[in-house]
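*Asks:* Can you keep this structure in mind? I'll have questions shortly.
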Amino acid sequence: MPDARDVSPYDALLLLSFGGPEGPDDVVPFLENVTRGRGIPKDRLKEVGQHYFLFGGVSPINDQNRALLDALRKDFAEHGLDLPVYWGNRNWAPYLTDTLREMVRDGRRRILVLATSAYASYSGCRQYRENLADALAALEAEGLELPKVDKLRHYFNHPGFLEPMIDGVLRSLAELPEDVRDGAHLAFSTHSIPTASADTSGPVEEHGDGGAYVRQHLDVARQIADAVRERTGVDHPWQLVYQSRSGAPHIPWLEPDICDHLDERHAAGAPAVVIAPIGFVSDHMEVLYDLDTEAKARAEELGLPMRRSATVGADPRFAAAIRELVVERAAVERGQDVTPCALGALGASHNLCPVGCCPARAPRPVAAGADSTYA
């Protein structure tokens, strides 16, 4: 077993996230960052940003990242890990390039990256690796010494990610009226992506119908449903569903949409539904709007009792899981034999993204993988 406090050769952890606006004036500039290169007019971005304006123009994701940072630092300190934790975003302050520059100036040379996405996909993994490469290129152009950057493996099936979600579903079921509780259906929700992107998610050998993205989500959903059955004695019907589609209507995306699913469950006589957003680390805008606003409104129109379970957020078990993943990866880098912690049928994900994993439509430089531009 690796030393639970030894994180060498790493000297810093970087929390890498999506970012979000923190006021009404930030919404359109934030969306311009998100959609840069797509030629979307500003008036259209104002329309798209309406769900942010409903919440005062503030995305909850930044405060949720601050809470996770606090949880990680607290857990690390309590377990004797001397590893500073930094935070950088893809689309809003603190920007990734600025944070990476700060880390370099602080003398950090071996950086481990935690992305706030638990599953394999282009947008959930490779795009973050492209962002890292872009940031390293910017620092190289400034004449700074570049650090070596690695990325933590996907943690979708780590018990510290699964257990909080299991508890969330159990709490939501308990909140339903007793007469509909045992018949409630479980809708495990994640972000819809183009089917072409899903089919090529994960390593090449996992490409195919839905790719690693769908298989990983199905594995998580199955484990949660099984745990609920074991702890309640009730076998709830369940299905993997999708939300937050944003692409052109002629391009196929993963289905069914959560609101369509609610229609179908109501028509089939389901007495209640619990929505479990297993595809998201925290209760950010897509959870608050697509589930707590749109899906909730649809359920109320149908007269269908519905509860939405919590994401893992800053749960101490999730913070502990990240610590365990850091120690595990550090031991691997030191050449030690390690048995990775993973539940379910799929086993632990790869530490190093292989060539051909979650490919982009147009090749771009990447970091933290077998095909890295920066070693």
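Ordering of the structure tokens sets the chain letters (A, B, ...), residue numbers begin anew at 1 in every chain, and ligands are numbered from 1 in the order given.
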Name the residues in contact with Tyr289 of chain A at a cut-off of 10 Å, using only C-alpha atoms, excluding same-chain residues fewer than 6 positions from it; report them as a list in words.

*Replies:*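 Non-adjacent residues within range: His51, Tyr52, Leu54, Phe55, Ser244, Asp283, Ala295 and Lys296 of chain A.
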
*Asks:* Enumerate the residues of segment 79-326 of chain A with a DSSP assignment of helix (DSSP H, G or I), computed from the backbone, and present them as a ChimeraX atom specification.

*Replies:* /A:96-105,122-141,159-175,178-181,195-199,204-206,211-232,258-267,285-302,316-326

*Asks:* Which residue gives the smallest distance to Gly143 of chain A among A:Gly269, A:Glu22, A:Val104, A:Thr35, with only C-alpha atoms counted?

*Replies:*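 That would be A:Val104, the residue with the smallest distance to Gly143 of chain A.
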
*Asks:* Would you pick out the contacts of Ala276 of chain A at 9 Å or less, using only C-alpha atoms, so that residues sharing its chain but fewer than 4 positions from it are not included, and give the list as a PDB file with all heavy atoms, in the first residue's frame?

*Replies:*
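File written: part.pdb
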```pdb
ATOM      1  N   MET A 165     -24.281  10.146  -3.777  1.00  0.00           N
ATOM      2  CA  MET A 165     -25.428  10.117  -4.686  1.00  0.00           C
ATOM      3  C   MET A 165     -26.453   9.065  -4.256  1.00  0.00           C
ATOM      4  O   MET A 165     -27.665   9.282  -4.367  1.00  0.00           O
ATOM      5  CB  MET A 165     -24.963   9.871  -6.118  1.00  0.00           C
ATOM      6  CG  MET A 165     -24.162  11.024  -6.693  1.00  0.00           C
ATOM      7  SD  MET A 165     -23.890  10.910  -8.471  1.00  0.00           S
ATOM      8  CE  MET A 165     -22.790   9.491  -8.562  1.00  0.00           C
ATOM      9  N   GLY A 168     -28.352  10.587  -1.556  1.00  0.00           N
ATOM     10  CA  GLY A 168     -29.248  11.607  -2.084  1.00  0.00           C
ATOM     11  C   GLY A 168     -30.537  11.016  -2.638  1.00  0.00           C
ATOM     12  O   GLY A 168     -31.634  11.561  -2.426  1.00  0.00           O
ATOM     13  N   VAL A 169     -30.426   9.901  -3.345  1.00  0.00           N
ATOM     14  CA  VAL A 169     -31.617   9.241  -3.876  1.00  0.00           C
ATOM     15  C   VAL A 169     -32.481   8.709  -2.744  1.00  0.00           C
ATOM     16  O   VAL A 169     -33.712   8.846  -2.757  1.00  0.00           O
ATOM     17  CB  VAL A 169     -31.224   8.122  -4.854  1.00  0.00           C
ATOM     18  CG1 VAL A 169     -32.454   7.304  -5.254  1.00  0.00           C
ATOM     19  CG2 VAL A 169     -30.561   8.707  -6.097  1.00  0.00           C
ATOM     20  N   LEU A 186     -36.873   6.016 -11.022  1.00  0.00           N
ATOM     21  CA  LEU A 186     -35.624   6.761 -10.886  1.00  0.00           C
ATOM     22  C   LEU A 186     -35.153   7.192 -12.268  1.00  0.00           C
ATOM     23  O   LEU A 186     -34.968   6.349 -13.152  1.00  0.00           O
ATOM     24  CB  LEU A 186     -34.549   5.905 -10.211  1.00  0.00           C
ATOM     25  CG  LEU A 186     -34.930   5.234  -8.891  1.00  0.00           C
ATOM     26  CD1 LEU A 186     -33.745   4.424  -8.349  1.00  0.00           C
ATOM     27  CD2 LEU A 186     -35.395   6.254  -7.871  1.00  0.00           C
ATOM     28  N   ALA A 187     -34.972   8.495 -12.443  1.00  0.00           N
ATOM     29  CA  ALA A 187     -34.454   9.034 -13.706  1.00  0.00           C
ATOM     30  C   ALA A 187     -33.047   9.552 -13.450  1.00  0.00           C
ATOM     31  O   ALA A 187     -32.865  10.569 -12.770  1.00  0.00           O
ATOM     32  CB  ALA A 187     -35.353  10.153 -14.224  1.00  0.00           C
ATOM     33  N   PHE A 188     -32.042   8.842 -13.958  1.00  0.00           N
ATOM     34  CA  PHE A 188     -30.645   9.235 -13.782  1.00  0.00           C
ATOM     35  C   PHE A 188     -30.258  10.145 -14.939  1.00  0.00           C
ATOM     36  O   PHE A 188     -30.210   9.715 -16.092  1.00  0.00           O
ATOM     37  CB  PHE A 188     -29.756   8.000 -13.726  1.00  0.00           C
ATOM     38  CG  PHE A 188     -30.029   7.129 -12.531  1.00  0.00           C
ATOM     39  CD1 PHE A 188     -30.723   5.941 -12.668  1.00  0.00           C
ATOM     40  CD2 PHE A 188     -29.606   7.519 -11.268  1.00  0.00           C
ATOM     41  CE1 PHE A 188     -30.973   5.140 -11.565  1.00  0.00           C
ATOM     42  CE2 PHE A 188     -29.856   6.724 -10.155  1.00  0.00           C
ATOM     43  CZ  PHE A 188     -30.549   5.537 -10.300  1.00  0.00           C
ATOM     44  N   SER A 189     -29.994  11.413 -14.612  1.00  0.00           N
ATOM     45  CA  SER A 189     -29.831  12.428 -15.653  1.00  0.00           C
ATOM     46  C   SER A 189     -28.377  12.854 -15.822  1.00  0.00           C
ATOM     47  O   SER A 189     -27.624  12.974 -14.852  1.00  0.00           O
ATOM     48  CB  SER A 189     -30.681  13.661 -15.306  1.00  0.00           C
ATOM     49  OG  SER A 189     -30.647  14.605 -16.350  1.00  0.00           O
ATOM     50  N   THR A 190     -28.016  13.098 -17.086  1.00  0.00           N
ATOM     51  CA  THR A 190     -26.701  13.646 -17.401  1.00  0.00           C
ATOM     52  C   THR A 190     -26.816  14.561 -18.605  1.00  0.00           C
ATOM     53  O   THR A 190     -27.870  14.655 -19.236  1.00  0.00           O
ATOM     54  CB  THR A 190     -25.681  12.522 -17.659  1.00  0.00           C
ATOM     55  OG1 THR A 190     -24.365  13.101 -17.734  1.00  0.00           O
ATOM     56  CG2 THR A 190     -25.962  11.785 -18.953  1.00  0.00           C
ATOM     57  N   ALA A 221     -25.562   4.402 -12.800  1.00  0.00           N
ATOM     58  CA  ALA A 221     -27.000   4.315 -12.535  1.00  0.00           C
ATOM     59  C   ALA A 221     -27.370   2.944 -11.970  1.00  0.00           C
ATOM     60  O   ALA A 221     -28.147   2.832 -11.006  1.00  0.00           O
ATOM     61  CB  ALA A 221     -27.774   4.591 -13.821  1.00  0.00           C
ATOM     62  N   ARG A 307     -39.110  14.537  -7.064  1.00  0.00           N
ATOM     63  CA  ARG A 307     -38.052  15.059  -6.200  1.00  0.00           C
ATOM     64  C   ARG A 307     -36.745  14.982  -6.979  1.00  0.00           C
ATOM     65  O   ARG A 307     -36.554  14.097  -7.812  1.00  0.00           O
ATOM     66  CB  ARG A 307     -37.927  14.261  -4.904  1.00  0.00           C
ATOM     67  CG  ARG A 307     -39.165  14.316  -4.017  1.00  0.00           C
ATOM     68  CD  ARG A 307     -39.410  15.696  -3.445  1.00  0.00           C
ATOM     69  NE  ARG A 307     -40.535  15.709  -2.511  1.00  0.00           N
ATOM     70  CZ  ARG A 307     -41.807  15.847  -2.866  1.00  0.00           C
ATOM     71  NH1 ARG A 307     -42.141  15.981  -4.143  1.00  0.00           N
ATOM     72  NH2 ARG A 307     -42.753  15.852  -1.939  1.00  0.00           N
ATOM     73  N   ARG A 308     -35.834  15.904  -6.671  1.00  0.00           N
ATOM     74  CA  ARG A 308     -34.526  15.912  -7.317  1.00  0.00           C
ATOM     75  C   ARG A 308     -33.462  15.703  -6.255  1.00  0.00           C
ATOM     76  O   ARG A 308     -33.391  16.457  -5.290  1.00  0.00           O
ATOM     77  CB  ARG A 308     -34.315  17.235  -8.063  1.00  0.00           C
ATOM     78  CG  ARG A 308     -33.151  17.211  -9.072  1.00  0.00           C
ATOM     79  CD  ARG A 308     -31.835  17.610  -8.475  1.00  0.00           C
ATOM     80  NE  ARG A 308     -31.792  18.999  -8.088  1.00  0.00           N
ATOM     81  CZ  ARG A 308     -30.785  19.556  -7.448  1.00  0.00           C
ATOM     82  NH1 ARG A 308     -29.746  18.826  -7.065  1.00  0.00           N
ATOM     83  NH2 ARG A 308     -30.816  20.837  -7.116  1.00  0.00           N
ATOM     84  N   SER A 309     -32.643  14.683  -6.424  1.00  0.00           N
ATOM     85  CA  SER A 309     -31.622  14.393  -5.419  1.00  0.00           C
ATOM     86  C   SER A 309     -30.400  15.279  -5.636  1.00  0.00           C
ATOM     87  O   SER A 309     -30.214  15.873  -6.695  1.00  0.00           O
ATOM     88  CB  SER A 309     -31.234  12.915  -5.448  1.00  0.00           C
ATOM     89  OG  SER A 309     -30.594  12.584  -6.660  1.00  0.00           O
ATOM     90  N   ALA A 310     -29.561  15.336  -4.628  1.00  0.00           N
ATOM     91  CA  ALA A 310     -28.406  16.233  -4.646  1.00  0.00           C
ATOM     92  C   ALA A 310     -27.233  15.631  -5.407  1.00  0.00           C
ATOM     93  O   ALA A 310     -27.092  14.412  -5.521  1.00  0.00           O
ATOM     94  CB  ALA A 310     -27.976  16.546  -3.214  1.00  0.00           C
ATOM     95  N   THR A 311     -26.394  16.506  -5.925  1.00  0.00           N
ATOM     96  CA  THR A 311     -25.099  16.102  -6.469  1.00  0.00           C
ATOM     97  C   THR A 311     -24.097  15.981  -5.309  1.00  0.00           C
ATOM     98  O   THR A 311     -24.406  16.309  -4.168  1.00  0.00           O
ATOM     99  CB  THR A 311     -24.596  17.137  -7.487  1.00  0.00           C
ATOM    100  OG1 THR A 311     -24.639  18.441  -6.870  1.00  0.00           O
ATOM    101  CG2 THR A 311     -25.471  17.145  -8.734  1.00  0.00           C
TER     102      THR A 311
END
```

*Asks:* Would you work out the distance separating atom CA of His158 of chain A from atom CA of Ala360 of chain A, expressed in Å to one decimal?

*Replies:*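 Atom-to-atom, atom CA of His158 of chain A and atom CA of Ala360 of chain A are spaced 26.9 Å apart.
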
*Asks:* Which neighbours of segment 334-337 of chain A fall inside 9 Å, counting only C-alpha atoms, when residues of the same chain fewer than 5 positions from it are skipped, and could you give them as a VMD selection string?

*Replies:* chain A and resid 1 to 2 8 to 9 329

*Asks:* Can I get the selection written as an mmCIF file, in the first residue's frame, with C-alpha atoms?

*Replies:*
```cif
data_model
loop_
_atom_site.group_PDB
_atom_site.id
_atom_site.type_symbol
_atom_site.label_atom_id
_atom_site.label_comp_id
_atom_site.auth_asym_id
_atom_site.auth_seq_id
_atom_site.Cartn_x
_atom_site.Cartn_y
_atom_site.Cartn_z
ATOM 1 C CA MET A 1 0.000 0.000 0.000
ATOM 2 C CA PRO A 2 1.305 3.488 -0.811
ATOM 3 C CA SER A 8 5.619 13.106 -4.346
ATOM 4 C CA PRO A 9 6.504 13.859 -7.090
ATOM 5 C CA ARG A 329 -1.586 8.566 -8.797
#
```

*Asks:* For segment 115-130 of chain A, please output as a PyMOL selection string all residues within 6 Å (counting only C-alpha atoms; exclusion window: fewer than 2 positions along the same chain).

*Replies:* chain A and resi 16-17+132-133+154-156+201-202+213+358+365-367

*Asks:* With N, CA and C atoms retained, write the just-selected residues as a compact mmCIF listing (two decimals), in the first residue's frame.

*Replies:*
```txt
# COMPACT_ATOMS: atom_id res chain seq x y z
N LEU A 16 -9.72 22.27 -11.86
CA LEU A 16 -10.01 22.85 -13.18
C LEU A 16 -11.49 22.69 -13.47
N SER A 17 -12.18 23.83 -13.67
CA SER A 17 -13.62 23.79 -13.83
C SER A 17 -14.08 24.64 -15.01
N LEU A 132 -5.51 23.06 -21.16
CA LEU A 132 -4.21 23.02 -20.49
C LEU A 132 -3.08 23.28 -21.47
N ALA A 133 -3.17 22.69 -22.66
CA ALA A 133 -2.14 22.92 -23.68
C ALA A 133 -2.11 24.38 -24.11
N HIS A 154 -10.65 9.40 -14.40
CA HIS A 154 -12.09 9.56 -14.20
C HIS A 154 -12.52 8.85 -12.93
N TYR A 155 -13.37 9.52 -12.16
CA TYR A 155 -13.71 9.02 -10.82
C TYR A 155 -15.19 8.65 -10.69
N PHE A 156 -15.86 8.41 -11.81
CA PHE A 156 -17.30 8.11 -11.80
C PHE A 156 -17.65 6.92 -10.93
N SER A 201 -16.31 8.42 -27.49
CA SER A 201 -15.79 8.75 -26.17
C SER A 201 -15.02 7.58 -25.59
N GLY A 202 -13.98 7.91 -24.82
CA GLY A 202 -13.14 6.88 -24.23
C GLY A 202 -12.06 6.41 -25.20
N TYR A 213 -18.89 7.07 -22.66
CA TYR A 213 -19.75 8.04 -21.97
C TYR A 213 -21.04 7.39 -21.50
N CYS A 358 -11.47 10.07 -27.03
CA CYS A 358 -12.37 11.24 -27.11
C CYS A 358 -11.87 12.26 -28.13
N PRO A 365 -3.59 20.81 -30.14
CA PRO A 365 -2.62 20.41 -29.12
C PRO A 365 -3.31 20.06 -27.80
N VAL A 366 -2.78 19.06 -27.11
CA VAL A 366 -3.32 18.65 -25.83
C VAL A 366 -2.19 18.42 -24.84
N ALA A 367 -2.55 18.43 -23.56
CA ALA A 367 -1.61 18.10 -22.50
C ALA A 367 -2.17 16.91 -21.72
```

*Asks:* Excluding Leu144 of chain A and any residue of its chain fewer than 6 positions from it, enumerate the residues within 10 Å of it, using only C-alpha atoms, and give them as a PDB file with N, CA and C atoms, in the first residue's frame.

*Replies:*
```pdb
ATOM      1  N   ARG A 101      -0.022  30.349 -14.446  1.00  0.00           N
ATOM      2  CA  ARG A 101       1.102  31.299 -14.337  1.00  0.00           C
ATOM      3  C   ARG A 101       1.454  31.522 -12.862  1.00  0.00           C
ATOM      4  N   VAL A 104       3.351  28.503 -11.532  1.00  0.00           N
ATOM      5  CA  VAL A 104       4.732  28.472 -11.989  1.00  0.00           C
ATOM      6  C   VAL A 104       5.576  29.468 -11.198  1.00  0.00           C
ATOM      7  N   ARG A 105       5.029  30.656 -10.990  1.00  0.00           N
ATOM      8  CA  ARG A 105       5.774  31.675 -10.241  1.00  0.00           C
ATOM      9  C   ARG A 105       5.930  31.300  -8.773  1.00  0.00           C
ATOM     10  N   LEU A 136      -0.394  26.318 -21.348  1.00  0.00           N
ATOM     11  CA  LEU A 136       1.053  26.082 -21.364  1.00  0.00           C
ATOM     12  C   LEU A 136       1.724  26.798 -22.518  1.00  0.00           C
ATOM     13  N   ALA A 137       1.047  26.836 -23.669  1.00  0.00           N
ATOM     14  CA  ALA A 137       1.599  27.559 -24.815  1.00  0.00           C
ATOM     15  C   ALA A 137       1.742  29.050 -24.504  1.00  0.00           C
ATOM     16  N   ALA A 138       0.734  29.606 -23.796  1.00  0.00           N
ATOM     17  CA  ALA A 138       0.800  31.027 -23.429  1.00  0.00           C
ATOM     18  C   ALA A 138       1.967  31.295 -22.491  1.00  0.00           C
TER      19      ALA A 138
END
```

*Asks:* Name the residues of segment 232-350 of chain A that come out as strand (DSSP E) in a backbone DSSP run; write them as a list of chain:residue names.

*Replies:*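 So the strand (DSSP E) residues in segment 232-350 of chain A would be A:Trp238, A:Gln239, A:Leu240, A:Val241, A:Tyr242, A:Gln243, A:Val273, A:Val274, A:Ile275, A:Ala276, A:Met306, A:Arg307, A:Arg308.
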
*Asks:* Just want the 6 Å neighbourhood of Gly211 of chain A, counted on only C-alpha atoms, with same-chain residues fewer than 6 positions away dropped. Output as number ranges by chain.

*Replies:* A: 198-201

*Asks:* Go ahead and write the residues just picked, N, CA and C atoms, as a PDB file, in the first residue's frame.

*Replies:*
```pdb
ATOM      1  N   ALA A 198     -20.526  10.959 -28.376  1.00  0.00           N
ATOM      2  CA  ALA A 198     -20.666   9.853 -27.426  1.00  0.00           C
ATOM      3  C   ALA A 198     -20.037   8.576 -27.986  1.00  0.00           C
ATOM      4  N   ASP A 199     -20.282   8.305 -29.261  1.00  0.00           N
ATOM      5  CA  ASP A 199     -19.792   7.061 -29.868  1.00  0.00           C
ATOM      6  C   ASP A 199     -18.281   6.964 -29.888  1.00  0.00           C
ATOM      7  N   THR A 200     -17.585   8.103 -29.871  1.00  0.00           N
ATOM      8  CA  THR A 200     -16.122   8.104 -29.905  1.00  0.00           C
ATOM      9  C   THR A 200     -15.515   8.490 -28.554  1.00  0.00           C
ATOM     10  N   SER A 201     -16.309   8.425 -27.493  1.00  0.00           N
ATOM     11  CA  SER A 201     -15.792   8.755 -26.166  1.00  0.00           C
ATOM     12  C   SER A 201     -15.017   7.579 -25.594  1.00  0.00           C
TER      13      SER A 201
END
```

*Asks:* When distances are computed from only C-alpha atoms, which of A:Asp134, A:Glu145, A:Glu324, A:Glu205 shows the smallest separation from Phe76 of chain A?

*Replies:* A:Glu324

*Asks:* Measuring atom to atom with only C-alpha atoms, identify which of A:Arg153, A:Arg361, A:Arg66, A:Arg110 is nearest to Ala321 of chain A.

*Replies:*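 Closest to Ala321 of chain A of all the choices is A:Arg153.
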
*Asks:* So which one's closest to Leu218 of chain A, A:Gly356, A:Pro203, A:Gly279, A:Gly247? Using only C-alpha atoms, please.

*Replies:*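 Looking only at the distances to Leu218 of chain A, the closest residue turns out to be A:Gly279.
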
*Asks:* Just give me the gap between atom CA of Pro177 of chain A and atom CA of Ala272 of chain A in Å, one decimal is fine.

*Replies:* 9.1 Å

*Asks:* Could you check how far atom CA of Val27 of chain A sits from atom CA of Gln64 of chain A, in Å to one decimal?

*Replies:*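 It comes out at 17.9 Å.
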